[in-house]
Every structure is written in C-alpha cells, then in structure tokens.
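Peer 1: Hey, dropping target.cif in here, mmCIF, C-alpha atoms and all ligand atoms:
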data_protein
#
loop_
_atom_site.label_atom_id
_atom_site.label_comp_id
_atom_site.auth_asym_id
_atom_site.auth_seq_id
_atom_site.Cartn_x
_atom_site.Cartn_y
_atom_site.Cartn_z
CA MET A 2 0.00 0.00 0.00
CA VAL A 3 2.87 2.38 0.88
CA HIS A 4 4.43 1.81 -2.54
CA VAL A 5 1.11 2.44 -4.32
CA LEU A 6 0.54 5.64 -2.34
CA LYS A 7 3.98 6.86 -3.37
CA HIS A 8 3.10 6.16 -7.00
CA ILE A 9 -0.13 8.13 -6.56
CA ALA A 10 1.77 11.00 -4.93
CA ASN A 11 4.11 11.09 -7.95
CA LYS A 12 1.20 11.19 -10.35
CA ILE A 13 -0.37 14.05 -8.42
CA GLU A 14 2.92 15.94 -8.51
CA GLN A 15 3.02 15.41 -12.30
CA ARG A 16 -0.63 16.51 -12.56
CA GLU A 17 -1.66 13.17 -14.02
CA ARG A 18 -5.22 11.89 -13.72
CA LEU A 19 -5.82 9.15 -11.15
CA THR A 20 -7.52 5.91 -12.16
CA LEU A 21 -10.52 4.49 -10.33
CA ASP A 22 -8.26 1.75 -8.89
CA GLU A 23 -6.05 4.46 -7.46
CA GLY A 24 -9.15 6.13 -6.05
CA MET A 25 -9.93 2.85 -4.29
CA VAL A 26 -6.45 2.89 -2.75
CA LEU A 27 -7.17 6.37 -1.41
CA PHE A 28 -10.37 5.08 0.17
CA GLN A 29 -8.77 1.98 1.68
CA THR A 30 -5.31 3.03 2.82
CA PRO A 31 -5.00 3.28 6.61
CA ASP A 32 -2.85 6.37 6.04
CA LEU A 33 -5.69 8.88 6.06
CA TRP A 34 -3.35 11.77 6.80
CA GLU A 35 -1.33 11.14 3.64
CA VAL A 36 -4.56 11.25 1.62
CA CYS A 37 -5.45 14.56 3.29
CA ARG A 38 -1.92 15.89 2.73
CA LEU A 39 -2.10 15.07 -1.00
CA ALA A 40 -5.53 16.71 -1.31
CA SER A 41 -4.23 19.75 0.53
CA ARG A 42 -1.30 19.93 -1.89
CA VAL A 43 -3.68 20.04 -4.87
CA ARG A 44 -5.87 22.59 -3.10
CA GLU A 45 -2.91 24.88 -2.43
CA ARG A 46 -1.71 24.53 -6.01
CA LEU A 47 -5.09 25.80 -7.21
CA HIS A 48 -5.91 28.42 -4.58
CA GLY A 49 -2.82 29.13 -2.51
CA LYS A 50 -3.87 30.38 0.91
CA ARG A 51 -7.28 31.57 -0.28
CA ALA A 52 -10.47 29.99 1.03
CA TYR A 53 -13.88 31.20 -0.08
CA TYR A 54 -17.22 31.95 1.54
CA ASN A 55 -20.27 33.82 0.37
CA VAL A 56 -23.11 35.88 1.78
CA ASN A 57 -26.27 34.22 0.61
CA ARG A 58 -29.80 33.31 1.50
CA HIS A 59 -31.54 29.98 0.97
CA VAL A 60 -35.21 29.78 0.10
CA ASN A 61 -37.01 26.43 0.11
CA TYR A 62 -40.21 27.51 -1.65
CA THR A 63 -42.22 24.37 -0.79
CA ASN A 64 -41.76 21.10 1.04
CA VAL A 65 -44.66 19.47 -0.78
CA CYS A 66 -43.25 16.74 -2.95
CA ALA A 67 -44.66 14.13 -5.28
CA LEU A 68 -41.83 11.75 -4.32
CA SER A 69 -40.98 10.07 -1.00
CA CYS A 70 -37.23 9.41 -1.11
CA LYS A 71 -36.19 7.14 1.75
CA PHE A 72 -33.31 9.33 2.87
CA CYS A 73 -35.39 12.54 2.91
CA SER A 74 -36.86 14.05 6.07
CA PHE A 75 -37.88 17.27 4.32
CA TYR A 76 -40.84 16.33 2.16
CA ARG A 77 -44.53 16.48 3.15
CA LYS A 78 -47.68 15.47 1.32
CA LYS A 79 -50.14 18.24 0.54
CA ASP A 80 -52.37 17.83 3.62
CA ASP A 81 -49.67 16.77 6.07
CA ASP A 82 -48.94 18.85 9.16
CA GLY A 83 -46.21 21.34 8.33
CA ALA A 84 -46.74 21.24 4.55
CA TYR A 85 -46.21 24.68 3.03
CA GLU A 86 -45.72 26.57 -0.21
CA TYR A 87 -44.67 30.20 -0.57
CA ASP A 88 -46.44 32.44 -3.00
CA VAL A 89 -44.45 34.63 -5.36
CA GLY A 90 -45.04 37.69 -3.15
CA ALA A 91 -43.41 35.96 -0.17
CA ILE A 92 -40.40 35.00 -2.27
CA ARG A 93 -40.14 38.53 -3.61
CA ALA A 94 -40.13 39.86 -0.02
CA GLU A 95 -37.43 37.34 0.90
CA ALA A 96 -35.29 38.45 -2.05
CA ILE A 97 -35.67 42.14 -1.18
CA GLY A 98 -34.70 41.37 2.42
CA ALA A 99 -31.68 39.39 1.25
CA GLN A 100 -30.50 42.17 -1.05
CA GLU A 101 -30.95 44.80 1.67
CA ALA A 102 -28.92 42.63 4.05
CA GLY A 103 -26.08 42.54 1.50
CA ALA A 104 -26.46 39.00 0.13
CA THR A 105 -24.92 38.36 -3.28
CA GLU A 106 -26.88 35.17 -3.98
CA ILE A 107 -30.30 33.66 -3.44
CA HIS A 108 -30.28 29.87 -3.50
CA ILE A 109 -33.69 28.36 -4.28
CA VAL A 110 -34.70 24.71 -4.16
CA GLY A 111 -37.86 22.89 -3.14
CA GLY A 112 -39.93 19.74 -3.39
CA LEU A 113 -41.54 18.51 -6.61
CA HIS A 114 -44.88 20.21 -6.09
CA PRO A 115 -47.58 18.36 -8.04
CA TRP A 116 -49.84 21.31 -8.84
CA LEU A 117 -47.90 24.54 -9.10
CA PRO A 118 -47.82 25.58 -12.79
CA PHE A 119 -44.65 26.31 -14.77
CA SER A 120 -45.56 30.01 -14.73
CA TYR A 121 -45.10 30.00 -10.90
CA TYR A 122 -41.39 29.33 -11.42
CA THR A 123 -40.82 31.84 -14.20
CA ASP A 124 -42.87 34.43 -12.24
CA MET A 125 -40.74 33.74 -9.15
CA LEU A 126 -37.51 34.31 -11.09
CA ALA A 127 -38.84 37.43 -12.81
CA ALA A 128 -40.05 38.87 -9.48
CA ILE A 129 -36.61 38.41 -7.92
CA ARG A 130 -34.86 39.79 -10.98
CA GLU A 131 -37.08 42.87 -10.95
CA SER A 132 -37.10 43.55 -7.18
CA ALA A 133 -33.56 42.49 -6.22
CA PRO A 134 -31.51 42.81 -9.44
CA LYS A 135 -28.11 42.48 -7.75
CA LEU A 136 -28.82 38.98 -6.47
CA HIS A 137 -27.50 36.06 -8.47
CA ILE A 138 -30.27 33.45 -8.68
CA LYS A 139 -28.97 29.94 -8.21
CA ALA A 140 -32.03 27.76 -8.41
CA PHE A 141 -33.57 24.34 -9.08
CA THR A 142 -31.76 21.03 -8.97
CA ALA A 143 -31.74 18.82 -12.06
CA VAL A 144 -34.57 16.84 -10.44
CA GLU A 145 -36.69 19.98 -10.25
CA ILE A 146 -35.80 20.96 -13.83
CA VAL A 147 -37.07 17.60 -15.12
CA HIS A 148 -40.21 18.06 -13.00
CA LEU A 149 -40.72 21.56 -14.44
CA ALA A 150 -40.35 20.18 -17.97
CA ARG A 151 -43.11 17.68 -17.15
CA ILE A 152 -45.51 20.24 -15.70
CA ALA A 153 -44.79 22.52 -18.67
CA ARG A 154 -45.82 19.51 -20.81
CA ARG A 155 -42.44 19.56 -22.52
CA PRO A 156 -40.79 16.50 -20.95
CA ASN A 157 -38.37 16.11 -23.86
CA ASP A 158 -37.45 19.77 -24.09
CA ILE A 159 -35.01 20.23 -21.20
CA ALA A 160 -32.99 22.72 -23.24
CA GLY A 161 -36.07 24.84 -24.00
CA VAL A 162 -37.23 24.82 -20.37
CA LEU A 163 -33.77 25.89 -19.21
CA ARG A 164 -33.75 28.61 -21.84
CA ASP A 165 -37.09 29.95 -20.54
CA LEU A 166 -35.84 29.88 -16.94
CA LYS A 167 -32.64 31.63 -17.95
CA ALA A 168 -34.62 34.31 -19.79
CA ALA A 169 -36.67 34.84 -16.60
CA GLY A 170 -33.54 35.33 -14.47
CA LEU A 171 -31.96 31.97 -13.64
CA GLY A 172 -28.20 32.46 -13.18
CA SER A 173 -26.88 28.99 -12.40
CA LEU A 174 -27.88 25.56 -11.12
CA PRO A 175 -27.11 24.13 -7.70
CA GLY A 176 -25.72 20.61 -7.53
CA GLY A 177 -28.37 18.73 -5.59
CA GLY A 178 -30.33 15.68 -6.59
CA ALA A 179 -27.36 13.74 -7.93
CA GLU A 180 -27.33 11.41 -4.89
CA VAL A 181 -25.18 8.50 -6.12
CA PHE A 182 -24.98 7.63 -9.80
CA ASP A 183 -25.86 3.95 -9.53
CA ASP A 184 -29.14 2.41 -10.65
CA ARG A 185 -29.23 -0.27 -7.90
CA VAL A 186 -28.76 2.26 -5.11
CA HIS A 187 -31.00 4.68 -6.84
CA ASP A 188 -33.93 2.30 -7.20
CA GLU A 189 -33.65 1.23 -3.58
CA ALA A 190 -33.23 4.60 -1.89
CA PHE A 191 -34.45 7.25 -4.35
CA LYS A 192 -37.06 5.41 -6.43
CA GLY A 193 -38.96 7.70 -8.76
CA LYS A 194 -36.19 10.29 -8.79
CA ILE A 195 -34.33 10.87 -12.04
CA ARG A 196 -31.39 8.58 -12.66
CA SER A 197 -27.83 9.65 -13.43
CA ASP A 198 -28.29 9.86 -17.20
CA LYS A 199 -31.08 12.43 -16.82
CA TRP A 200 -29.24 14.39 -14.11
CA LEU A 201 -26.20 14.63 -16.33
CA GLU A 202 -28.33 15.55 -19.36
CA VAL A 203 -29.78 18.54 -17.48
CA HIS A 204 -26.32 19.76 -16.50
CA ARG A 205 -24.94 19.21 -20.01
CA GLU A 206 -27.82 21.23 -21.49
CA ALA A 207 -27.27 23.98 -18.93
CA HIS A 208 -23.58 24.10 -19.80
CA LYS A 209 -24.46 24.42 -23.50
CA LEU A 210 -26.57 27.47 -22.62
CA GLY A 211 -23.59 29.01 -20.84
CA LEU A 212 -24.97 28.36 -17.35
CA ASN A 213 -22.52 27.24 -14.69
CA THR A 214 -23.67 24.42 -12.45
CA ASN A 215 -22.49 22.53 -9.39
CA ALA A 216 -22.42 18.88 -8.40
CA THR A 217 -23.02 16.85 -5.26
CA ILE A 218 -22.57 13.28 -4.13
CA LEU A 219 -24.64 11.94 -1.23
CA TYR A 220 -22.63 9.24 0.52
CA GLY A 221 -22.64 7.12 3.63
CA HIS A 222 -25.91 5.20 3.16
CA ILE A 223 -26.28 2.05 1.04
CA GLU A 224 -23.76 2.82 -1.70
CA SER A 225 -20.38 1.09 -2.16
CA LEU A 226 -16.97 2.71 -2.57
CA ASP A 227 -17.07 1.60 -6.23
CA ASP A 228 -20.35 3.50 -6.62
CA ARG A 229 -18.73 6.65 -5.25
CA LEU A 230 -15.79 6.37 -7.65
CA HIS A 231 -18.09 5.67 -10.60
CA HIS A 232 -20.03 8.82 -9.69
CA MET A 233 -16.84 10.89 -9.64
CA ASP A 234 -15.77 9.43 -12.97
CA LEU A 235 -19.04 10.39 -14.68
CA LEU A 236 -18.73 13.93 -13.33
CA ARG A 237 -15.12 14.15 -14.46
CA THR A 238 -16.09 13.06 -17.98
CA ALA A 239 -18.96 15.55 -18.19
CA GLN A 240 -16.61 18.29 -17.04
CA ASP A 241 -14.04 17.31 -19.68
CA GLU A 242 -16.76 17.81 -22.30
CA ALA A 243 -17.78 21.20 -20.89
CA ILE A 244 -14.18 22.40 -20.88
CA ALA A 245 -13.59 21.11 -24.41
CA ALA A 246 -16.63 23.09 -25.61
CA GLY A 247 -14.71 26.30 -24.96
CA ALA A 248 -15.26 29.71 -23.46
CA GLY A 249 -18.99 30.09 -24.20
CA SER A 250 -19.86 26.91 -22.34
CA GLY A 251 -20.81 26.72 -18.70
CA ARG A 252 -19.15 24.14 -16.50
CA PHE A 253 -19.22 22.56 -13.09
CA GLN A 254 -17.81 24.98 -10.54
CA THR A 255 -17.86 22.96 -7.35
CA ILE A 256 -18.20 19.43 -6.07
CA ILE A 257 -19.99 19.26 -2.72
CA PRO A 258 -19.73 15.91 -0.93
CA LEU A 259 -22.86 15.58 1.24
CA PRO A 260 -22.86 13.13 4.14
CA PHE A 261 -26.05 11.14 4.55
CA ILE A 262 -27.81 12.24 7.76
CA PRO A 263 -30.18 9.47 8.89
CA ASP A 264 -32.32 11.40 11.43
CA ASP A 265 -36.06 11.23 10.69
CA SER A 266 -35.61 9.48 7.35
CA GLU A 267 -36.74 5.99 6.36
CA LEU A 268 -33.08 4.95 6.58
CA GLU A 269 -32.59 6.14 10.15
CA HIS A 270 -31.46 2.66 11.20
CA LEU A 271 -28.21 3.34 9.29
CA PRO A 272 -25.41 5.01 11.24
CA GLY A 273 -24.43 7.61 8.63
CA PRO A 274 -20.78 8.40 7.90
CA SER A 275 -18.28 9.12 10.68
CA GLY A 276 -16.21 12.29 10.93
CA VAL A 277 -13.14 10.45 9.67
CA GLU A 278 -15.10 9.14 6.70
CA ASN A 279 -16.33 12.64 5.92
CA LEU A 280 -12.77 13.92 5.93
CA ARG A 281 -11.49 11.15 3.68
CA MET A 282 -14.41 11.51 1.26
CA LEU A 283 -13.72 15.19 0.82
CA ALA A 284 -10.01 14.56 0.22
CA VAL A 285 -10.73 11.82 -2.33
CA CYS A 286 -13.12 14.13 -4.19
CA ARG A 287 -10.35 16.77 -4.41
CA LEU A 288 -7.90 14.21 -5.77
CA MET A 289 -10.19 12.43 -8.25
CA LEU A 290 -12.02 15.47 -9.63
CA ASP A 291 -8.92 17.05 -11.08
CA ASN A 292 -10.90 19.22 -13.52
CA PHE A 293 -13.15 20.79 -10.86
CA ALA A 294 -11.89 24.15 -9.65
CA HIS A 295 -13.55 24.00 -6.23
CA VAL A 296 -14.41 21.56 -3.47
CA LYS A 297 -16.95 22.81 -0.97
CA THR A 298 -17.51 21.70 2.59
CA PHE A 299 -21.15 22.52 3.23
CA TRP A 300 -21.06 23.54 6.89
CA ILE A 301 -24.78 23.04 7.38
CA MET A 302 -24.29 19.30 6.98
CA GLN A 303 -20.68 19.01 8.15
CA THR A 304 -20.72 21.57 11.02
CA LEU A 305 -18.38 24.55 11.20
CA GLU A 306 -15.88 22.59 13.31
CA MET A 307 -15.56 19.87 10.67
CA ALA A 308 -15.33 22.57 8.00
CA GLU A 309 -12.13 23.80 9.65
CA LEU A 310 -10.57 20.36 9.33
CA MET A 311 -11.82 19.96 5.79
CA LEU A 312 -10.15 23.17 4.70
CA GLN A 313 -6.91 21.41 5.57
CA ALA A 314 -7.89 18.31 3.60
CA GLY A 315 -8.71 19.70 0.17
CA ALA A 316 -11.71 22.02 0.60
CA ASP A 317 -11.35 25.64 -0.55
CA ASP A 318 -14.92 26.82 0.04
CA ILE A 319 -17.25 26.70 3.06
CA ASP A 320 -20.40 28.08 1.41
CA GLY A 321 -22.38 30.86 2.93
CA THR A 322 -24.24 32.60 5.68
CA VAL A 323 -27.41 30.80 4.51
CA VAL A 324 -29.96 32.22 7.06
CA TRP A 325 -32.57 29.55 6.48
CA TYR A 326 -32.19 25.95 5.47
CA ASP A 327 -35.04 23.48 5.75
CA ILE A 328 -33.66 20.43 4.03
CA THR A 329 -31.39 18.84 6.64
CA LYS A 330 -31.42 19.14 10.38
CA VAL A 331 -28.09 18.11 11.86
CA GLY A 332 -28.54 16.72 15.36
CA GLY A 333 -32.26 17.51 15.33
CA SER A 334 -31.72 21.30 15.37
CA ASP A 335 -34.53 23.52 14.21
CA THR A 336 -34.51 24.76 10.65
CA HIS A 337 -33.13 28.21 11.29
CA GLN A 338 -29.50 27.57 10.51
CA GLU A 339 -27.58 30.75 10.11
CA THR A 340 -24.15 32.14 10.66
CA ASP A 341 -22.51 35.43 9.84
CA ALA A 342 -19.58 36.40 7.68
CA ARG A 343 -17.40 37.14 10.72
CA ARG A 344 -17.84 33.57 11.99
CA LEU A 345 -17.08 32.11 8.55
CA CYS A 346 -13.91 34.22 8.32
CA GLN A 347 -12.91 32.99 11.77
CA VAL A 348 -13.37 29.37 10.71
CA ILE A 349 -11.19 29.97 7.66
CA ARG A 350 -8.48 31.71 9.71
CA ASN A 351 -8.58 28.96 12.33
CA ALA A 352 -7.69 26.54 9.53
CA GLY A 353 -4.75 28.72 8.46
CA PHE A 354 -6.21 30.31 5.35
CA GLU A 355 -7.10 33.77 4.11
CA PRO A 356 -10.87 34.35 3.85
CA ILE A 357 -12.09 35.67 0.50
CA GLU A 358 -15.72 36.60 0.03
CA ARG A 359 -16.85 35.41 -3.39
CA ASP A 360 -20.00 35.72 -5.46
CA THR A 361 -21.72 32.70 -6.99
CA LEU A 362 -19.26 32.69 -9.89
CA TYR A 363 -16.25 32.80 -7.54
CA ARG A 364 -15.39 36.41 -8.28
CA PRO A 365 -13.91 38.12 -5.20
CA ILE A 366 -16.20 40.71 -3.58
CA ALA A 367 -15.23 44.09 -2.12
CA ARG A 368 -17.69 44.96 0.66
CA ASP A 369 -18.64 47.92 2.79
CA GLY A 370 -21.46 46.75 5.06
CA ALA A 371 -24.43 45.76 2.93
CA GLU A 372 -22.89 47.47 -0.12
CA TRP A 373 -20.72 45.28 -2.35
CA ARG A 374 -19.18 45.07 -5.79
CA VAL A 375 -17.22 42.50 -7.74
CA ALA A 376 -13.57 43.31 -7.05
CA GLU A 377 -11.85 41.28 -9.75
CA VAL A 378 -12.42 38.40 -12.15
CA ALA A 379 -12.31 34.90 -10.70
CA ALA A 380 -8.80 33.56 -10.22
CA VAL A 381 -9.84 30.14 -11.61
S1 LIG B 401 -35.23 14.37 -1.78
FE1 LIG B 401 -36.26 15.91 -3.01
S2 LIG B 401 -37.43 14.69 -4.50
FE2 LIG B 401 -36.92 13.27 -2.83
S3 LIG B 401 -38.67 13.39 -1.41
FE3 LIG B 401 -37.15 14.89 -0.69
S4 LIG B 401 -37.80 16.81 -1.63
FE4 LIG B 401 -38.79 15.16 -2.78
#
For the file at hand, write its structure as structure tokens.
Ligand code: SF4

Peer 2:
Amino acid sequence: MVHVLKHIANKIEQRERLTLDEGMVLFQTPDLWEVCRLASRVRERLHGKRAYYNVNRHVNYTNVCALSCKFCSFYRKKDDDGAYEYDVGAIRAEAIGAQEAGATEIHIVGGLHPWLPFSYYTDMLAAIRESAPKLHIKAFTAVEIVHLARIARRPNDIAGVLRDLKAAGLGSLPGGGAEVFDDRVHDEAFKGKIRSDKWLEVHREAHKLGLNTNATILYGHIESLDDRLHHMDLLRTAQDEAIAAGAGSGRFQTIIPLPFIPDDSELEHLPGPSGVENLRMLAVCRLMLDNFAHVKTFWIMQTLEMAELMLQAGADDIDGTVVWYDITKVGGSDTHQETDARRLCQVIRNAGFEPIERDTLYRPIARDGAEWRVAEVAAV
C-alpha cells in the first residue's frame, strides 16, 4: 500500500489523472493523513492560501413533494402537518430582504410540487430579478428541472425549459439531486427520482446554454466505494466535455460531498458516515475530480468545526451565511441555521487560510457593510 501511495503522490505531482483503482487505494489506505496531505497539496496549487465563503440566503419555496425518497426528512404530502408553499409575493419579499442585508446570492430549491404551474417558477424568477436585481439566482436542482419540464408539458425539451428559466432570471444551477450515480442504489433509496443519465443531461444542457452548475454526491448510506468512484468518474467526464466546448460553455464549478444524515428518514437505522469518513471523502473528491476548480464543505451538513478540518484536507470553500435551510437538520436542530460572515472568516483563519468573500461565480467581492461590488475576475 505504501508503494502504491507513493506512485499516486508522484502522479499528483506530475498533474496526471488518477484511475478508479487508485481512487480505491485512497479510500482503503490506513494512512488517512497522507490522503489529506495530498488533497491539501492540490488545493494549495489551485488556490494558494485563499479559502472562499459567500453571503447568501436559501429559500425552500415548498416542502410538498410528489416523491418520498427514503433518505429525505424534508418532504410532506399536501395535507400533512407542516406542509407549506410560498407564493411569489413571499419569495419577492425574501429576495428584497436578502439584497438589503447585502447578500450576493439567493439559493432556491424545493420539493416537486404536483400542482404549481410552470408560470409559478418563471414568475418567481422574474419577481426576484425585478425587485432584487443584484442577487444572483442559483435555483432548481436537475430533479426539479425535469419536473418543471413535465408540468410545462415539454418532458423532452429540457434545453427549452432551461432557456425559458434563464430568460426569466436563472443564473446557475445548484448541484443537488445527484445522490449516487448507480441504478441499484437509486432504485432502492431514491425510487422515482431521475437517474444519473437524466441528471447529467440537465447539466450538459445547462452548460451548453452558458450556465454554470455545481455537483453533489450523497454518501454514507447504502452505496459502495465503487459506486462513489463511478459517480466521480461520470462527473469528471462531463466536465471534460464542458471544458472542451470552450469559453462560451458553462461548467461545473464545485463538487460538494454531502454526508447522509439518517435522522427522521426511512433509513434512520443506518449510522451515517463518521467524521473520519467525511474527511477522507472530501479529500478523495479533491484528488479524483482534477478538472473541478472548487471543493466545498457545506457547513450546514458538516458543522463549522468539521469545515475547519476539511479546509486542511482539500476544501477551498465553506459556502455561505445561509440564514434559512429546511432540508437537513443536523442533530435535530430547528430549521433556522444561520451564521454570519465574521464567523465564517474565523473558521477559515482557524484553519490557516485567508478568507475571501466570493460571489456565486467565484469572483472576489469588495464589501462595505451591505454594499458590495465584484472586485476582480475569478482567479480560476
Ligand atoms: S429528496 Fe427531493 S425529491 Fe426526494 S422526497 Fe425529498 S424533496 Fe422530494
């Protein structure tokens, strides 16, 4: 194993792509700290001492969902206690509040609501664009996009639906809904949700329209290590294509490894990943996804303390101030999960890095209170 790790270290030094077998070595070696050290080396090569955060606001416009994914504790059926949907006016008010508070981004995702019409989504985007024009709108996972194509009665016109959403104000796509790209796992844990081919199709179409997107992997439930590596390989290939398409194409910005959190889900008998596993997973993502500029540790699911460690193991981004996040409740906390920029900067400094506020497109931000402007073009 030591010899193989040395070979992998040499390849990383030479900037050569790692094979899936080498990825398996990274998962199985007892030398976790060497894996973290290698990931940190790549991270420093790309970003030096910089580590990014952003000032954003999350809006989960409804928790009503046509599906019932086993791992999900967020969804409700229409008449369930706690089921809700925001009207466009409420979302507009949220956007205005976010802009006044100095947010650069509004991040919008929700359940697959069975009855809201397609116009609800385009109206929502247009209302935000009109009332809070400085906010970048990052909205709708690939799963939601496919759902919107269905309710628009254009199930085979993903490109057209994305074009309409972009015209209404959509700025980029978040990375959710990817789960794990494996049909066995998918059909057992996420039945009814789109499979990997459709998820990747949505992101490819978005890239063709010049929209940047992000990617996730949900791990630590019933998937195998091979499944995780296969997932990374498919993302790497799709990113190769986006890069080959040239300057007008969008691309994946960030990979966000998401640990499965069993609480309140149908899979709550599973233990979920340990802290050590979370650290290794993040480092392996950094090493395998050599064509992704950024690796994010999503503090809402990892905690701010783990985010500090992860910055030393390959992460360069800890996401944002968030304010409100309904989807996952770590340790049974309520849904108001919020931090401030000062705390995020402290986390980054604790880990030995220089905090850089970024916008959604990773352009550094110059800020004076709630006033901000883009300071320079993105470094990568
Ligand atoms: S994960 Fe998404 S699609 Fe699945 S039940 Fe939850 S909200 Fe619905």

Peer 1: So that I can check the surroundings of Gly370 in chain A, please list as a short mmCIF file (atom, residue, chain, number, x, y, z; two decimals) with C-alpha atoms, in the frame of the given file every protein, DNA and RNA residue that reaches within 12 Å of it, counting all atoms listed in the file and ignoring chain neighbours fewer than 2 positions away.

Peer 2:
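The resulting file, around10.cif, is shown below:
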data_model
loop_
_atom_site.label_atom_id
_atom_site.label_comp_id
_atom_site.auth_asym_id
_atom_site.auth_seq_id
_atom_site.Cartn_x
_atom_site.Cartn_y
_atom_site.Cartn_z
CA VAL A 56 -23.11 35.88 1.78
CA GLN A 100 -30.50 42.17 -1.05
CA GLU A 101 -30.95 44.80 1.67
CA ALA A 102 -28.92 42.63 4.05
CA GLY A 103 -26.08 42.54 1.50
CA ALA A 104 -26.46 39.00 0.13
CA ALA A 342 -19.58 36.40 7.68
CA ARG A 343 -17.40 37.14 10.72
CA ILE A 366 -16.20 40.71 -3.58
CA ALA A 367 -15.23 44.09 -2.12
CA ARG A 368 -17.69 44.96 0.66
CA GLU A 372 -22.89 47.47 -0.12
CA TRP A 373 -20.72 45.28 -2.35
CA ARG A 374 -19.18 45.07 -5.79
#

Peer 1: Neighbourhood query: residues within 6 Å of (-28.2, 26.6, -9.1), file coordinates, counting all atoms listed in the file; return as an MDAnalysis selection string.

Peer 2: chainID A and resid 139:141 173:175

Peer 1: Padding of 4 Å on every side, edges along x, y and z, all listed atoms of range 296-311 of chain A included: what centre and edge lengths in Å, to one decimal, does that box have, as AutoDock Vina command-line options?

Peer 2:
--center_x -17.7 --center_y 21.8 --center_z 4.9 --size_x 22.2 --size_y 13.5 --size_z 24.8

Peer 1: Listing only residues of chain A within 8 Å of ligand LIG 401 (chain B), what is the closest atom pair and its distance in Å (to one decimal) for each, using only C-alpha atoms and all ligand atoms, sorted by chain and residue number ascending, as JSON lines?

Peer 2:
{"residue": "A:Asn64", "atom": "CA", "partner": "B:LIG401", "partner_atom": "S4", "distance": 6.4}
{"residue": "A:Val65", "atom": "CA", "partner": "B:LIG401", "partner_atom": "S4", "distance": 7.4}
{"residue": "A:Cys66", "atom": "CA", "partner": "B:LIG401", "partner_atom": "FE4", "distance": 4.7}
{"residue": "A:Ala67", "atom": "CA", "partner": "B:LIG401", "partner_atom": "FE4", "distance": 6.5}
{"residue": "A:Leu68", "atom": "CA", "partner": "B:LIG401", "partner_atom": "S3", "distance": 4.6}
{"residue": "A:Ser69", "atom": "CA", "partner": "B:LIG401", "partner_atom": "S3", "distance": 4.1}
{"residue": "A:Cys70", "atom": "CA", "partner": "B:LIG401", "partner_atom": "FE2", "distance": 4.2}
{"residue": "A:Lys71", "atom": "CA", "partner": "B:LIG401", "partner_atom": "S3", "distance": 7.4}
{"residue": "A:Phe72", "atom": "CA", "partner": "B:LIG401", "partner_atom": "S1", "distance": 7.1}
{"residue": "A:Cys73", "atom": "CA", "partner": "B:LIG401", "partner_atom": "FE3", "distance": 4.6}
{"residue": "A:Ser74", "atom": "CA", "partner": "B:LIG401", "partner_atom": "FE3", "distance": 6.8}
{"residue": "A:Phe75", "atom": "CA", "partner": "B:LIG401", "partner_atom": "FE3", "distance": 5.6}
{"residue": "A:Tyr76", "atom": "CA", "partner": "B:LIG401", "partner_atom": "FE3", "distance": 4.9}
{"residue": "A:Gly111", "atom": "CA", "partner": "B:LIG401", "partner_atom": "S4", "distance": 6.3}
{"residue": "A:Gly112", "atom": "CA", "partner": "B:LIG401", "partner_atom": "S4", "distance": 4.0}
{"residue": "A:Leu113", "atom": "CA", "partner": "B:LIG401", "partner_atom": "FE4", "distance": 5.8}
{"residue": "A:Val144", "atom": "CA", "partner": "B:LIG401", "partner_atom": "S2", "distance": 6.9}
{"residue": "A:Glu145", "atom": "CA", "partner": "B:LIG401", "partner_atom": "S2", "distance": 7.8}
{"residue": "A:Gly178", "atom": "CA", "partner": "B:LIG401", "partner_atom": "FE1", "distance": 6.9}
{"residue": "A:Phe191", "atom": "CA", "partner": "B:LIG401", "partner_atom": "FE2", "distance": 6.7}
{"residue": "A:Lys194", "atom": "CA", "partner": "B:LIG401", "partner_atom": "S2", "distance": 6.3}
{"residue": "A:Ile328", "atom": "CA", "partner": "B:LIG401", "partner_atom": "S4", "distance": 7.9}

Peer 1: Which residues are near range 249-254 of chain A? Cut-off 12 Å, all atoms listed in the file, ignore same chain within fewer than 6 positions. Put them as an MDAnalysis selection string.

Peer 2: chainID A and resid 172:176 201 204:217 236:243 290:297 317:318 361:364 379 381

Peer 1: Using only C-alpha atoms, determine which residues lie at most 9 Å from range 270-286 of chain A, disregarding the query and same-chain residues fewer than 6 positions distant; provide the list as an MDAnalysis selection string.

Peer 2: chainID A and resid 24 27:28 33:34 36:41 220:223 230 233 256:264 296:298 303 307 310:311 314:316

Peer 1: Under the rule that all atoms listed in the file are counted, which of A:Asp341, A:Asp234, A:Asp320, A:Asp183 is the nearest residue to Leu288 in chain A?

Peer 2: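 With all atoms listed in the file as the atom set, the closest residue is A:Asp234.
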
Peer 1: Rounded to one decimal, what separation in Å do you get between CA of Ala127 in chain A and CA of Ile92 in chain A?

Peer 2: 10.9 Å

Peer 1: Mind giving me the straight-line distance from CA of Gly177 in chain A to CA of Glu131 in chain A in Å, one decimal?

Peer 2: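 These two atoms are separated by 26.2 Å.
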
Peer 1: Of the candidates A:Ile195, A:Val43, A:Met302, A:Ile107, which one gets nearest to Leu126 in chain A if we count only C-alpha atoms?

Peer 2: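 For Leu126 in chain A, the nearest of the candidates is A:Ile107.
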
Peer 1: Just want the 10 Å neighbourhood of His232 in chain A, counted on only C-alpha atoms, with same-chain residues fewer than 6 positions away dropped. Output as number ranges by chain.

Peer 2: A: 179-183, 197, 217-218, 226

Peer 1: In file coordinates, which residues lie within 10 Å of (-6.8, 28.3, 9.8) using all atoms listed in the file, given as a list in words?

Peer 2: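 Residues found, by chain and rising number: Lys50, Ala52, Glu309, Leu310, Leu312, Gln313, Cys346, Gln347, Val348, Ile349, Arg350, Asn351, Ala352, Gly353, Phe354, Glu355 and Pro356 of chain A.
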
Peer 1: Show which residues sit within 7 Å of Ser132 in chain A, as a CSV table (one decimal) with C-alpha atoms, in the frame of the given file. Count all atoms listed in the file, and ignore same-chain residues fewer than 3 positions away.

Peer 2:
chain,number,residue,atom,x,y,z
A,93,ARG,CA,-40.1,38.5,-3.6
A,97,ILE,CA,-35.7,42.1,-1.2
A,128,ALA,CA,-40.0,38.9,-9.5
A,129,ILE,CA,-36.6,38.4,-7.9

Peer 1: For a test of reading the model, state the distance in Å between CA of Tyr54 in chain A and CA of Val89 in chain A, rounded to one decimal.

Peer 2: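 One can read the CA of Tyr54 in chain A to CA of Val89 in chain A distance as 28.2 Å.
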
Peer 1: Here is a test: counting only C-alpha atoms, which residue of A:Glu202, A:Glu106, A:Asp158, A:Glu224 is nearest to Glu189 in chain A?

Peer 2: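 Looking only at the distances to Glu189 in chain A, the closest residue turns out to be A:Glu224.
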